[in-house]
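Next comes entry-v6.pdb, a file with PDB, C-alpha atoms.
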```
ATOM      1  CA  MET Q  17      -6.974  25.601 -41.142
ATOM      2  CA  ASN Q  18      -8.355  22.066 -41.206
ATOM      3  CA  ALA Q  19      -4.848  20.582 -41.297
ATOM      4  CA  THR Q  20      -3.769  22.807 -38.402
ATOM      5  CA  ALA Q  21      -6.834  21.854 -36.359
ATOM      6  CA  SER Q  22      -6.213  18.169 -37.084
ATOM      7  CA  ILE Q  23      -2.592  18.422 -35.940
ATOM      8  CA  ALA Q  24      -3.635  20.275 -32.763
ATOM      9  CA  ALA Q  25      -6.300  17.661 -32.018
ATOM     10  CA  GLU Q  26      -3.771  14.858 -32.506
ATOM     11  CA  GLN Q  27      -1.291  16.575 -30.181
ATOM     12  CA  ASN Q  28      -3.977  17.033 -27.528
ATOM     13  CA  LEU Q  29      -4.912  13.353 -27.830
ATOM     14  CA  ARG Q  30      -1.288  12.301 -27.394
ATOM     15  CA  ARG Q  31      -0.963  14.530 -24.325
ATOM     16  CA  SER Q  32      -4.131  13.136 -22.758
ATOM     17  CA  THR Q  33      -3.021   9.580 -23.520
ATOM     18  CA  LEU Q  34       0.406  10.214 -21.988
ATOM     19  CA  LEU Q  35      -1.205  11.723 -18.878
ATOM     20  CA  ALA Q  36      -3.433   8.660 -18.545
ATOM     21  CA  ASP Q  37      -0.387   6.426 -18.946
ATOM     22  CA  TYR Q  38       1.482   8.327 -16.243
ATOM     23  CA  ALA Q  39      -1.521   8.020 -13.933
ATOM     24  CA  GLU Q  40      -1.435   4.242 -14.410
ATOM     25  CA  LEU Q  41       2.356   4.135 -14.200
ATOM     26  CA  PHE Q  42       2.226   5.942 -10.842
ATOM     27  CA  LYS Q  43      -0.616   3.670  -9.594
ATOM     28  CA  LEU Q  44      -2.502   6.686  -8.301
ATOM     29  CA  ARG Q  45      -4.893   4.704  -6.093
ATOM     30  CA  ILE Q  46      -2.014   2.983  -4.297
ATOM     31  CA  THR Q  47      -0.131   6.270  -4.059
ATOM     32  CA  MET Q  48      -3.231   7.895  -2.573
ATOM     33  CA  MET Q  49      -3.579   5.115   0.014
ATOM     34  CA  THR Q  50       0.106   5.517   0.869
ATOM     35  CA  VAL Q  51      -0.390   9.234   1.445
ATOM     36  CA  ILE Q  52      -3.547   8.662   3.519
ATOM     37  CA  THR Q  53      -1.717   6.330   5.897
ATOM     38  CA  ALA Q  54       1.209   8.757   6.070
ATOM     39  CA  VAL Q  55      -1.218  11.587   6.890
ATOM     40  CA  ALA Q  56      -2.509   9.569   9.866
ATOM     41  CA  GLY Q  57       1.036   9.049  11.118
ATOM     42  CA  TYR Q  58       1.924  12.709  10.692
ATOM     43  CA  TYR Q  59      -1.240  13.916  12.420
ATOM     44  CA  LEU Q  60      -0.729  11.674  15.438
ATOM     45  CA  GLY Q  61       2.949  12.627  15.624
ATOM     46  CA  SER Q  62       2.110  16.328  15.412
ATOM     47  CA  LEU Q  63      -0.236  15.985  18.395
ATOM     48  CA  ARG Q  64       2.621  14.484  20.378
ATOM     49  CA  SER Q  65       4.818  17.455  19.423
ATOM     50  CA  GLY Q  66       2.132  20.054  19.953
ATOM     51  CA  ILE Q  67       2.605  21.521  16.449
ATOM     52  CA  SER Q  68      -0.142  22.349  13.990
ATOM     53  CA  PRO Q  69      -1.022  19.378  11.768
ATOM     54  CA  LEU Q  70      -1.267  21.865   8.886
ATOM     55  CA  HIS Q  71       2.264  23.185   9.325
ATOM     56  CA  SER Q  72       3.965  23.823   5.961
ATOM     57  CA  GLN Q  73       6.185  20.822   6.652
ATOM     58  CA  PHE Q  74       3.089  18.604   6.434
ATOM     59  CA  PHE Q  75       2.478  19.494   2.797
ATOM     60  CA  GLU Q  76       6.153  19.113   1.922
ATOM     61  CA  ALA Q  77       6.225  15.679   3.568
ATOM     62  CA  MET Q  78       3.123  14.441   1.761
ATOM     63  CA  VAL Q  79       4.392  15.671  -1.609
ATOM     64  CA  GLY Q  80       7.720  13.908  -1.072
ATOM     65  CA  ILE Q  81       6.066  10.665   0.029
ATOM     66  CA  ALA Q  82       3.683  10.746  -2.946
ATOM     67  CA  VAL Q  83       6.522  11.329  -5.418
ATOM     68  CA  VAL Q  84       8.602   8.444  -4.035
ATOM     69  CA  SER Q  85       5.559   6.143  -4.039
ATOM     70  CA  ALA Q  86       4.873   7.051  -7.679
ATOM     71  CA  GLY Q  87       8.511   6.390  -8.557
ATOM     72  CA  SER Q  88       8.457   3.012  -6.801
ATOM     73  CA  SER Q  89       5.366   1.981  -8.749
ATOM     74  CA  THR Q  90       7.038   3.028 -11.988
ATOM     75  CA  LEU Q  91      10.194   1.017 -11.285
ATOM     76  CA  ASN Q  92       8.054  -1.940 -10.220
ATOM     77  CA  GLN Q  93       6.305  -1.886 -13.591
ATOM     78  CA  ALA Q  94       9.642  -1.548 -15.379
ATOM     79  CA  LEU Q  95      10.865  -4.763 -13.742
ATOM     80  CA  GLU Q  96       7.556  -6.558 -14.237
ATOM     81  CA  ARG Q  97       6.707  -5.367 -17.749
ATOM     82  CA  ARG Q  98       7.031  -8.857 -19.270
ATOM     83  CA  THR Q  99       5.176 -10.498 -16.370
ATOM     84  CA  ASP Q 100       2.406  -7.890 -16.563
ATOM     85  CA  ALA Q 101       2.011  -8.607 -20.278
ATOM     86  CA  LEU Q 102       1.042 -12.203 -19.447
ATOM     87  CA  MET Q 103      -1.875 -11.280 -17.173
ATOM     88  CA  PRO Q 104      -5.150  -9.905 -18.596
ATOM     89  CA  ARG Q 105      -5.685  -7.430 -15.740
ATOM     90  CA  THR Q 106      -2.208  -5.869 -16.179
ATOM     91  CA  ALA Q 107      -1.502  -6.426 -19.887
ATOM     92  CA  ARG Q 108      -2.620  -2.898 -20.822
ATOM     93  CA  ARG Q 109      -0.282  -1.165 -18.386
ATOM     94  CA  PRO Q 110       1.878   1.420 -20.214
ATOM     95  CA  MET Q 111       5.155  -0.480 -20.089
ATOM     96  CA  ALA Q 112       3.634  -3.943 -20.541
ATOM     97  CA  ALA Q 113       1.884  -2.681 -23.690
ATOM     98  CA  SER Q 114       5.048  -0.805 -24.830
ATOM     99  CA  ARG Q 115       3.344   2.583 -24.885
ATOM    100  CA  ILE Q 116       6.134   3.779 -22.575
ATOM    101  CA  GLY Q 117       9.621   2.432 -23.170
ATOM    102  CA  LEU Q 118      11.916   0.856 -20.618
ATOM    103  CA  VAL Q 119      14.457   3.710 -20.595
ATOM    104  CA  HIS Q 120      11.660   6.274 -20.293
ATOM    105  CA  GLY Q 121      10.140   4.415 -17.336
ATOM    106  CA  LEU Q 122      13.477   3.886 -15.591
ATOM    107  CA  ILE Q 123      14.408   7.562 -15.871
ATOM    108  CA  VAL Q 124      11.027   8.708 -14.520
ATOM    109  CA  GLY Q 125      11.080   6.161 -11.697
ATOM    110  CA  LEU Q 126      14.656   6.836 -10.610
ATOM    111  CA  LEU Q 127      14.152  10.604 -10.717
ATOM    112  CA  CYS Q 128      11.002  10.351  -8.592
ATOM    113  CA  VAL Q 129      12.558   8.025  -5.997
ATOM    114  CA  SER Q 130      15.872   9.870  -5.667
ATOM    115  CA  GLY Q 131      14.408  13.357  -5.971
ATOM    116  CA  GLY Q 132      11.529  12.683  -3.584
ATOM    117  CA  SER Q 133      13.792  11.109  -0.957
ATOM    118  CA  LEU Q 134      16.267  13.992  -1.145
ATOM    119  CA  PHE Q 135      13.425  16.503  -0.946
ATOM    120  CA  LEU Q 136      12.142  14.818   2.222
ATOM    121  CA  ALA Q 137      15.607  14.719   3.787
ATOM    122  CA  VAL Q 138      16.015  18.463   3.226
ATOM    123  CA  THR Q 139      12.488  19.716   4.003
ATOM    124  CA  THR Q 140      11.566  17.391   6.887
ATOM    125  CA  ASN Q 141      14.533  15.486   8.341
ATOM    126  CA  PRO Q 142      17.193  12.994   7.167
ATOM    127  CA  LEU Q 143      15.507  10.057   8.940
ATOM    128  CA  THR Q 144      12.302  10.536   6.953
ATOM    129  CA  GLY Q 145      14.226  10.794   3.707
ATOM    130  CA  PHE Q 146      16.194   7.645   4.512
ATOM    131  CA  LEU Q 147      13.132   5.602   5.533
ATOM    132  CA  THR Q 148      11.276   6.629   2.390
ATOM    133  CA  LEU Q 149      14.231   5.633   0.221
ATOM    134  CA  LEU Q 150      14.501   2.349   2.145
ATOM    135  CA  THR Q 151      10.820   1.679   1.460
ATOM    136  CA  ALA Q 152      11.310   2.195  -2.267
ATOM    137  CA  VAL Q 153      14.476   0.092  -2.467
ATOM    138  CA  SER Q 154      13.028  -2.828  -0.487
ATOM    139  CA  TYR Q 155       9.825  -2.770  -2.555
ATOM    140  CA  VAL Q 156      11.534  -2.580  -5.941
ATOM    141  CA  ALA Q 157      14.822  -4.427  -5.425
ATOM    142  CA  ILE Q 158      13.769  -7.134  -2.941
ATOM    143  CA  TYR Q 159      10.024  -7.726  -2.984
ATOM    144  CA  THR Q 160       9.452  -7.396  -6.730
ATOM    145  CA  PRO Q 161      11.991 -10.016  -7.927
ATOM    146  CA  LEU Q 162      11.222 -12.287  -4.951
ATOM    147  CA  LYS Q 163       7.614 -12.699  -6.127
ATOM    148  CA  ARG Q 164       8.801 -15.079  -8.847
ATOM    149  CA  ILE Q 165      10.917 -17.146  -6.469
ATOM    150  CA  SER Q 166       9.031 -17.774  -3.221
ATOM    151  CA  MET Q 167       5.700 -17.167  -1.530
ATOM    152  CA  VAL Q 168       7.692 -15.574   1.318
ATOM    153  CA  ALA Q 169       7.567 -12.474  -0.892
ATOM    154  CA  THR Q 170       4.188 -11.599   0.649
ATOM    155  CA  PHE Q 171       5.780 -11.409   4.103
ATOM    156  CA  VAL Q 172       8.782  -9.448   2.820
ATOM    157  CA  GLY Q 173       6.567  -7.053   0.865
ATOM    158  CA  ALA Q 174       4.504  -6.297   3.955
ATOM    159  CA  PHE Q 175       7.466  -4.388   5.450
ATOM    160  CA  PRO Q 176       7.685  -1.586   2.858
ATOM    161  CA  GLY Q 177       3.891  -1.654   2.642
ATOM    162  CA  ALA Q 178       3.606  -0.878   6.366
ATOM    163  CA  LEU Q 179       6.183   1.923   6.561
ATOM    164  CA  PRO Q 180       4.156   4.975   5.336
ATOM    165  CA  PRO Q 181       2.412   5.746   8.687
ATOM    166  CA  LEU Q 182       5.734   5.371  10.497
ATOM    167  CA  ILE Q 183       7.311   7.710   7.925
ATOM    168  CA  GLY Q 184       4.486  10.192   8.508
ATOM    169  CA  TRP Q 185       5.262  10.030  12.242
ATOM    170  CA  THR Q 186       8.990  10.652  11.716
ATOM    171  CA  ALA Q 187       8.184  13.573   9.411
ATOM    172  CA  ALA Q 188       6.422  15.234  12.356
ATOM    173  CA  ARG Q 189       8.655  13.988  15.181
ATOM    174  CA  GLY Q 190      12.047  13.255  13.633
ATOM    175  CA  THR Q 191      12.387  10.008  15.603
ATOM    176  CA  ILE Q 192      10.964   6.471  15.808
ATOM    177  CA  GLU Q 193       8.901   5.847  18.949
ATOM    178  CA  TRP Q 194       6.644   3.034  20.140
ATOM    179  CA  SER Q 195       3.599   4.847  18.805
ATOM    180  CA  ALA Q 196       5.153   4.845  15.348
ATOM    181  CA  VAL Q 197       5.893   1.128  15.712
ATOM    182  CA  ALA Q 198       2.240   0.543  16.654
ATOM    183  CA  LEU Q 199       1.102   2.291  13.464
ATOM    184  CA  PHE Q 200       3.560   0.217  11.449
ATOM    185  CA  SER Q 201       2.289  -2.977  13.102
ATOM    186  CA  ILE Q 202      -1.346  -2.192  12.305
ATOM    187  CA  LEU Q 203      -0.628  -1.754   8.621
ATOM    188  CA  PHE Q 204       1.730  -4.739   8.555
ATOM    189  CA  VAL Q 205      -0.857  -7.152   9.980
ATOM    190  CA  TRP Q 206      -3.761  -5.683   7.977
ATOM    191  CA  GLN Q 207      -2.059  -6.520   4.690
ATOM    192  CA  PHE Q 208      -2.134 -10.313   4.997
ATOM    193  CA  PRO Q 209      -5.884 -11.072   4.738
ATOM    194  CA  HIS Q 210      -6.016  -8.310   2.121
ATOM    195  CA  PHE Q 211      -3.200  -9.796   0.018
ATOM    196  CA  GLU Q 212      -4.363 -13.389   0.456
ATOM    197  CA  ALA Q 213      -7.772 -12.383  -0.903
ATOM    198  CA  ILE Q 214      -6.129 -10.731  -3.913
ATOM    199  CA  GLY Q 215      -3.879 -13.748  -4.437
ATOM    200  CA  TRP Q 216      -6.809 -16.154  -4.414
ATOM    201  CA  LEU Q 217      -8.959 -13.935  -6.617
ATOM    202  CA  TYR Q 218      -6.279 -13.682  -9.323
ATOM    203  CA  ARG Q 219      -4.449 -16.956  -8.745
ATOM    204  CA  THR Q 220      -4.911 -18.072 -12.368
ATOM    205  CA  ASP Q 221      -3.247 -14.899 -13.642
ATOM    206  CA  TYR Q 222      -0.434 -15.192 -11.130
ATOM    207  CA  ALA Q 223       0.185 -18.817 -12.085
ATOM    208  CA  ARG Q 224       0.330 -17.882 -15.767
ATOM    209  CA  ALA Q 225       2.926 -15.203 -15.011
ATOM    210  CA  GLY Q 226       4.984 -17.413 -12.684
ATOM    211  CA  ILE Q 227       4.330 -15.292  -9.591
ATOM    212  CA  ARG Q 228       4.478 -17.503  -6.511
ATOM    213  CA  VAL Q 229       1.813 -16.052  -4.258
ATOM    214  CA  THR Q 230       0.507 -18.416  -1.580
ATOM    215  CA  ALA Q 231      -2.534 -19.350  -3.662
ATOM    216  CA  VAL Q 232      -0.248 -20.535  -6.482
ATOM    217  CA  ALA Q 233       2.409 -22.228  -4.349
ATOM    218  CA  SER Q 234      -0.272 -24.028  -2.291
ATOM    219  CA  PRO Q 235      -3.298 -24.387  -4.609
ATOM    220  CA  GLY Q 236      -5.475 -26.299  -2.150
ATOM    221  CA  GLY Q 237      -6.245 -23.069  -0.297
ATOM    222  CA  TRP Q 238      -5.299 -24.318   3.174
ATOM    223  CA  VAL Q 239      -2.159 -22.183   3.551
ATOM    224  CA  THR Q 240      -3.907 -19.144   2.090
ATOM    225  CA  ALA Q 241      -6.873 -19.511   4.454
ATOM    226  CA  ALA Q 242      -4.736 -20.287   7.523
ATOM    227  CA  GLN Q 243      -2.464 -17.304   6.972
ATOM    228  CA  ALA Q 244      -5.419 -14.962   6.442
ATOM    229  CA  LEU Q 245      -7.101 -16.255   9.612
ATOM    230  CA  PHE Q 246      -3.967 -15.958  11.756
ATOM    231  CA  TYR Q 247      -3.449 -12.318  10.862
ATOM    232  CA  ALA Q 248      -7.140 -11.426  11.101
ATOM    233  CA  LEU Q 249      -7.079 -12.730  14.687
ATOM    234  CA  LEU Q 250      -3.864 -10.838  15.386
ATOM    235  CA  MET Q 251      -5.400  -7.673  13.938
ATOM    236  CA  ILE Q 252      -7.698  -7.224  16.940
ATOM    237  CA  PRO Q 253      -5.040  -6.872  19.707
ATOM    238  CA  VAL Q 254      -2.661  -5.019  17.391
ATOM    239  CA  SER Q 255      -5.340  -2.459  16.497
ATOM    240  CA  LEU Q 256      -5.921  -1.878  20.236
ATOM    241  CA  TRP Q 257      -2.245  -1.157  20.921
ATOM    242  CA  PRO Q 258      -2.719   2.639  20.406
ATOM    243  CA  VAL Q 259      -5.173   2.616  23.326
ATOM    244  CA  ALA Q 260      -2.617   0.900  25.585
ATOM    245  CA  LEU Q 261      -0.018   3.492  24.555
ATOM    246  CA  GLY Q 262      -2.375   6.358  25.339
ATOM    247  CA  MET Q 263      -2.489   7.544  21.738
ATOM    248  CA  CYS Q 264      -6.266   7.159  21.486
ATOM    249  CA  GLY Q 265      -9.239   6.812  23.804
ATOM    250  CA  TRP Q 266     -11.674   3.982  24.302
ATOM    251  CA  ILE Q 267     -14.060   5.304  21.676
ATOM    252  CA  TYR Q 268     -11.413   4.372  19.147
ATOM    253  CA  GLY Q 269     -10.888   1.116  21.044
ATOM    254  CA  GLY Q 270     -14.554   0.174  20.688
ATOM    255  CA  ILE Q 271     -14.602   1.008  16.991
ATOM    256  CA  ALA Q 272     -11.370  -0.932  16.456
ATOM    257  CA  ALA Q 273     -12.837  -3.970  18.220
ATOM    258  CA  VAL Q 274     -16.011  -3.879  16.091
ATOM    259  CA  LEU Q 275     -14.049  -3.424  12.865
ATOM    260  CA  GLY Q 276     -11.660  -6.186  13.887
ATOM    261  CA  ALA Q 277     -14.565  -8.529  14.561
ATOM    262  CA  GLY Q 278     -15.948  -7.728  11.110
ATOM    263  CA  TYR Q 279     -12.578  -8.349   9.468
ATOM    264  CA  LEU Q 280     -12.351 -11.661  11.300
ATOM    265  CA  ALA Q 281     -15.878 -12.645  10.283
ATOM    266  CA  TYR Q 282     -15.161 -12.076   6.598
ATOM    267  CA  THR Q 283     -11.916 -14.028   6.961
ATOM    268  CA  VAL Q 284     -13.737 -16.942   8.605
ATOM    269  CA  ARG Q 285     -16.134 -16.964   5.615
ATOM    270  CA  PHE Q 286     -13.065 -16.974   3.374
ATOM    271  CA  LEU Q 287     -12.031 -20.324   4.922
ATOM    272  CA  LYS Q 288     -14.715 -21.977   2.782
ATOM    273  CA  ILE Q 289     -12.337 -21.804  -0.198
ATOM    274  CA  THR Q 290     -10.884 -25.068   1.134
ATOM    275  CA  LYS Q 291     -14.203 -26.911   0.686
ATOM    276  CA  GLY Q 292     -14.078 -27.399  -3.080
ATOM    277  CA  LEU Q 293     -16.529 -24.652  -4.011
ATOM    278  CA  SER Q 294     -17.157 -23.600  -7.594
ATOM    279  CA  ALA Q 295     -14.812 -21.009  -9.077
ATOM    280  CA  ASP Q 296     -17.510 -18.317  -8.904
ATOM    281  CA  GLU Q 297     -18.351 -19.027  -5.253
ATOM    282  CA  SER Q 298     -14.680 -19.100  -4.329
ATOM    283  CA  ARG Q 299     -14.000 -15.790  -6.076
ATOM    284  CA  LYS Q 300     -16.985 -14.191  -4.358
ATOM    285  CA  LEU Q 301     -15.596 -15.070  -0.915
ATOM    286  CA  ALA Q 302     -12.225 -13.586  -1.854
ATOM    287  CA  ARG Q 303     -13.828 -10.481  -3.336
ATOM    288  CA  ASP Q 304     -15.970  -9.904  -0.235
ATOM    289  CA  LEU Q 305     -12.922 -10.135   2.040
ATOM    290  CA  LEU Q 306     -10.985  -7.805  -0.237
ATOM    291  CA  ARG Q 307     -13.781  -5.227  -0.224
ATOM    292  CA  PHE Q 308     -14.097  -5.276   3.548
ATOM    293  CA  SER Q 309     -10.328  -4.915   3.959
ATOM    294  CA  VAL Q 310     -10.377  -1.804   1.766
ATOM    295  CA  ILE Q 311     -13.202  -0.321   3.869
ATOM    296  CA  TYR Q 312     -11.665  -1.399   7.184
ATOM    297  CA  LEU Q 313      -8.370   0.491   6.993
ATOM    298  CA  PRO Q 314      -9.601   4.062   6.314
ATOM    299  CA  LEU Q 315     -12.357   3.649   8.914
ATOM    300  CA  LEU Q 316      -9.816   2.503  11.511
ATOM    301  CA  LEU Q 317      -7.460   5.389  10.734
ATOM    302  CA  ALA Q 318     -10.331   7.897  10.797
ATOM    303  CA  ALA Q 319     -11.427   6.641  14.227
ATOM    304  CA  MET Q 320      -7.837   6.853  15.442
ATOM    305  CA  ILE Q 321      -7.491  10.463  14.280
ATOM    306  CA  LEU Q 322     -10.865  11.573  15.631
ATOM    307  CA  ASN Q 323     -10.237  10.042  19.069
ATOM    308  CA  ALA Q 324      -6.522  10.870  19.288
ATOM    309  CA  LYS Q 325      -4.951  12.298  22.451
ATOM    310  CA  GLY Q 326      -2.405  15.081  22.405
ATOM    311  CA  ARG Q 327       0.835  15.521  24.393
ATOM    312  CA  ILE Q 328       0.884  12.050  25.861
ATOM    313  CA  ALA Q 329       3.597  10.605  28.055
ATOM    314  CA  TYR Q 330       5.834   7.757  26.849
TER
END
```
Could you rewrite the structure in this file as structure tokens?
Amino acid sequence: MNATASIAAEQNLRRSTLLADYAELFKLRITMMTVITAVAGYYLGSLRSGISPLHSQFFEAMVGIAVVSAGSSTLNQALERRTDALMPRTARRPMAASRIGLVHGLIVGLLCVSGGSLFLAVTTNPLTGFLTLLTAVSYVAIYTPLKRISMVATFVGAFPGALPPLIGWTAARGTIEWSAVALFSILFVWQFPHFEAIGWLYRTDYARAGIRVTAVASPGGWVTAAQALFYALLMIPVSLWPVALGMCGWIYGGIAAVLGAGYLAYTVRFLKITKGLSADESRKLARDLLRFSVIYLPLLLAAMILNAKGRIAY
């Protein structure tokens, strides 16, 4: 009995460890953020169509988007397993630490990306399936290898990163409209101060791994700070575009303006990284900007949803 219990306990431990590895392989927090932004796009698109936001198609679309996002993260880690092993914050990832093999990861990733995209094409519409597949391919096959070649990778990577709300819109509407482009633009612009803060915060790790983020390619901080500031300024008019399109009312507009001013203020503080501060002070500025960026986006989307207008003219 003791031997049997020991074997059962060992099997349960292996299962729990594998589940934890899959959770990390799928980057559940990023996948969740992807789904949240897609939900906003779907909800706003459903108002335009006059259909229930909780139509069965909604759940099918979110499942498909989540599966493809998980597959993209898996393939990303397959390609970056050696790079991840060089950085302390990523060295314990399942494939970097060899707890999950390359073939295993590739099979899981490819099945998720292909299966999820096909599922979306069948259950929602072909455009949504295609755009989701395009997001995965551009993220894995273009952005991921480009990170070791040029700092332009941040700009290229912002495209697949901004597509989920547009995909949510097409899942509800079956077409790309200016409102969907506005949602894409908001997420596209939002990413730059966010990513520049991450790049500066972990620039030592990135340099060790040969990843050419802006903070590594231009270590003085001027390019990093200037790019963050430019997009933080741009964020204010871009976030107000839904009001001009009639998607949302001025309550949303006021909230967007306040949030945008806050995002800009934290970015202006971030400019101090160019003044030769200590490593701790410099990291604190980057961490503060990163934290505000993470708070900013869900608050903006929530305000947009709560003050959305239905059946608007285009």
Problem set entry | Nearby residues (all atoms listed in the file) at most 8 Å from segment 232-243 of chain Q, same-chain spacing under 3 positions excluded, as JSON, numbers by chain | {"Q": [167, 208, 209, 212, 215, 216, 219, 220, 222, 223, 227, 228, 229, 246, 247, 283, 286, 287, 289, 290]}
Problem set entry | Residue IDs satisfying the PyMOL selection byres ((chain Q and resi 122-137) around 6), as a PyMOL selection string | chain Q and resi 80+83-84+87+90-91+119-121+138-142+145+149
Long-range neighbours of segment 248-263 of chain Q as a short mmCIF file (atom, residue, chain, number, x, y, z; two decimals) with C-alpha atoms, in the frame of the given file, 10 Å cut-off, all atoms listed in the file, 2 positions minimum in chain:
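Just written: out.cif:
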```
data_model
loop_
_atom_site.label_atom_id
_atom_site.label_comp_id
_atom_site.auth_asym_id
_atom_site.auth_seq_id
_atom_site.Cartn_x
_atom_site.Cartn_y
_atom_site.Cartn_z
CA LEU Q 60 -0.73 11.67 15.44
CA GLY Q 61 2.95 12.63 15.62
CA LEU Q 63 -0.24 15.98 18.40
CA ARG Q 64 2.62 14.48 20.38
CA TRP Q 194 6.64 3.03 20.14
CA SER Q 195 3.60 4.85 18.80
CA ALA Q 196 5.15 4.84 15.35
CA VAL Q 197 5.89 1.13 15.71
CA ALA Q 198 2.24 0.54 16.65
CA LEU Q 199 1.10 2.29 13.46
CA SER Q 201 2.29 -2.98 13.10
CA ILE Q 202 -1.35 -2.19 12.30
CA LEU Q 203 -0.63 -1.75 8.62
CA PHE Q 204 1.73 -4.74 8.56
CA VAL Q 205 -0.86 -7.15 9.98
CA TRP Q 206 -3.76 -5.68 7.98
CA GLN Q 207 -2.06 -6.52 4.69
CA PHE Q 208 -2.13 -10.31 5.00
CA PRO Q 209 -5.88 -11.07 4.74
CA HIS Q 210 -6.02 -8.31 2.12
CA ALA Q 242 -4.74 -20.29 7.52
CA GLN Q 243 -2.46 -17.30 6.97
CA ALA Q 244 -5.42 -14.96 6.44
CA LEU Q 245 -7.10 -16.26 9.61
CA PHE Q 246 -3.97 -15.96 11.76
CA GLY Q 265 -9.24 6.81 23.80
CA TRP Q 266 -11.67 3.98 24.30
CA ILE Q 267 -14.06 5.30 21.68
CA TYR Q 268 -11.41 4.37 19.15
CA GLY Q 269 -10.89 1.12 21.04
CA GLY Q 270 -14.55 0.17 20.69
CA ILE Q 271 -14.60 1.01 16.99
CA ALA Q 272 -11.37 -0.93 16.46
CA ALA Q 273 -12.84 -3.97 18.22
CA VAL Q 274 -16.01 -3.88 16.09
CA LEU Q 275 -14.05 -3.42 12.86
CA GLY Q 276 -11.66 -6.19 13.89
CA ALA Q 277 -14.56 -8.53 14.56
CA GLY Q 278 -15.95 -7.73 11.11
CA TYR Q 279 -12.58 -8.35 9.47
CA LEU Q 280 -12.35 -11.66 11.30
CA ALA Q 281 -15.88 -12.64 10.28
CA TYR Q 282 -15.16 -12.08 6.60
CA THR Q 283 -11.92 -14.03 6.96
CA VAL Q 284 -13.74 -16.94 8.60
CA LEU Q 316 -9.82 2.50 11.51
CA LEU Q 317 -7.46 5.39 10.73
CA MET Q 320 -7.84 6.85 15.44
CA ILE Q 321 -7.49 10.46 14.28
CA ASN Q 323 -10.24 10.04 19.07
CA ALA Q 324 -6.52 10.87 19.29
CA LYS Q 325 -4.95 12.30 22.45
CA GLY Q 326 -2.40 15.08 22.40
CA ARG Q 327 0.84 15.52 24.39
CA ILE Q 328 0.88 12.05 25.86
CA ALA Q 329 3.60 10.60 28.06
CA TYR Q 330 5.83 7.76 26.85
#
```
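Restricting the calculation to all atoms listed in the file, the smallest distance between Ala213 of chain Q and any of Q:Leu301, Q:Leu95, Q:Leu162, Q:Ile192 is found for Q:Leu301.
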Neighbours of Asn92 of chain Q within 8 Å (all atoms listed in the file; same-chain residues fewer than 4 positions away dropped), as a short mmCIF file (atom, residue, chain, number, x, y, z; two decimals) with C-alpha atoms, in the frame of the given file?
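That gives us around-v7.cif:
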```
data_model
loop_
_atom_site.label_atom_id
_atom_site.label_comp_id
_atom_site.auth_asym_id
_atom_site.auth_seq_id
_atom_site.Cartn_x
_atom_site.Cartn_y
_atom_site.Cartn_z
CA SER Q 88 8.46 3.01 -6.80
CA GLU Q 96 7.56 -6.56 -14.24
CA TYR Q 155 9.82 -2.77 -2.56
CA VAL Q 156 11.53 -2.58 -5.94
CA THR Q 160 9.45 -7.40 -6.73
#
```
Exercise. For the atom pair atom CA of Phe308 of chain Q and atom CA of Met48 of chain Q, what is the interatomic distance in Å to one decimal place?
Worked result: 18.1 Å
For this session: Using all atoms listed in the file, find the one residue out of Q:Ile214, Q:Val79, Q:Leu102, Q:Ile158 that sits nearest to Phe175 of chain Q.
Result: Q:Ile158
Problem set entry | Which residue of Q:Ser154, Q:Thr99, Q:Thr47, Q:Thr186 approaches Tyr59 of chain Q most closely, using only C-alpha atoms | Q:Thr186
For this session: Kindly provide, as number ranges by chain, the polymer residues lying within 12 Å of (-14.9, -11.8, -8.1), counting all atoms listed in the file and using the coordinates exactly as they appear in the file.
Result: Q: 213-219, 295-307
Problem set entry | Top pick for closest residue to Ile165 of chain Q, considering Q:Ala56, Q:Ile81, Q:Ala101, Q:Ala225 and counting all atoms listed in the file | Q:Ala225
For this session: Please indicate the distance in Å from atom CA of Tyr58 of chain Q to atom CA of Ala187 of chain Q, rounded to one decimal place.
Result: 6.4 Å
Axis-aligned box for segment 235-248 of chain Q, 4 Å per side, centre and edges in Å as JSON:
```
{"center_x": -4.6, "center_y": -18.9, "center_z": 3.6, "size_x": 13.0, "size_y": 22.9, "size_z": 24.4}
```
Where atoms are absent from segment 37-43 of chain Q, fill them in so it carries N, CA and C atoms, then output it as a PDB file, in the coordinates of the input.
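Output contents, as saved in part_11.pdb:
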```
ATOM      1  N   ASP Q  37      -1.426   7.438 -19.144  1.00  0.00           N
ATOM      2  CA  ASP Q  37      -0.387   6.426 -18.946  1.00  0.00           C
ATOM      3  C   ASP Q  37       0.427   6.709 -17.693  1.00  0.00           C
ATOM      4  N   TYR Q  38       0.749   7.978 -17.461  1.00  0.00           N
ATOM      5  CA  TYR Q  38       1.482   8.327 -16.243  1.00  0.00           C
ATOM      6  C   TYR Q  38       0.650   8.031 -14.994  1.00  0.00           C
ATOM      7  N   ALA Q  39      -0.641   8.304 -15.075  1.00  0.00           N
ATOM      8  CA  ALA Q  39      -1.521   8.020 -13.933  1.00  0.00           C
ATOM      9  C   ALA Q  39      -1.503   6.538 -13.609  1.00  0.00           C
ATOM     10  N   GLU Q  40      -1.486   5.679 -14.639  1.00  0.00           N
ATOM     11  CA  GLU Q  40      -1.435   4.242 -14.410  1.00  0.00           C
ATOM     12  C   GLU Q  40      -0.044   3.808 -13.977  1.00  0.00           C
ATOM     13  N   LEU Q  41       0.974   4.453 -14.554  1.00  0.00           N
ATOM     14  CA  LEU Q  41       2.356   4.135 -14.200  1.00  0.00           C
ATOM     15  C   LEU Q  41       2.608   4.439 -12.728  1.00  0.00           C
ATOM     16  N   PHE Q  42       2.033   5.530 -12.234  1.00  0.00           N
ATOM     17  CA  PHE Q  42       2.226   5.942 -10.842  1.00  0.00           C
ATOM     18  C   PHE Q  42       1.278   5.225  -9.880  1.00  0.00           C
ATOM     19  N   LYS Q  43       0.366   4.385 -10.421  1.00  0.00           N
ATOM     20  CA  LYS Q  43      -0.616   3.670  -9.594  1.00  0.00           C
ATOM     21  C   LYS Q  43      -1.247   4.638  -8.586  1.00  0.00           C
TER      22      LYS Q  43
END
```
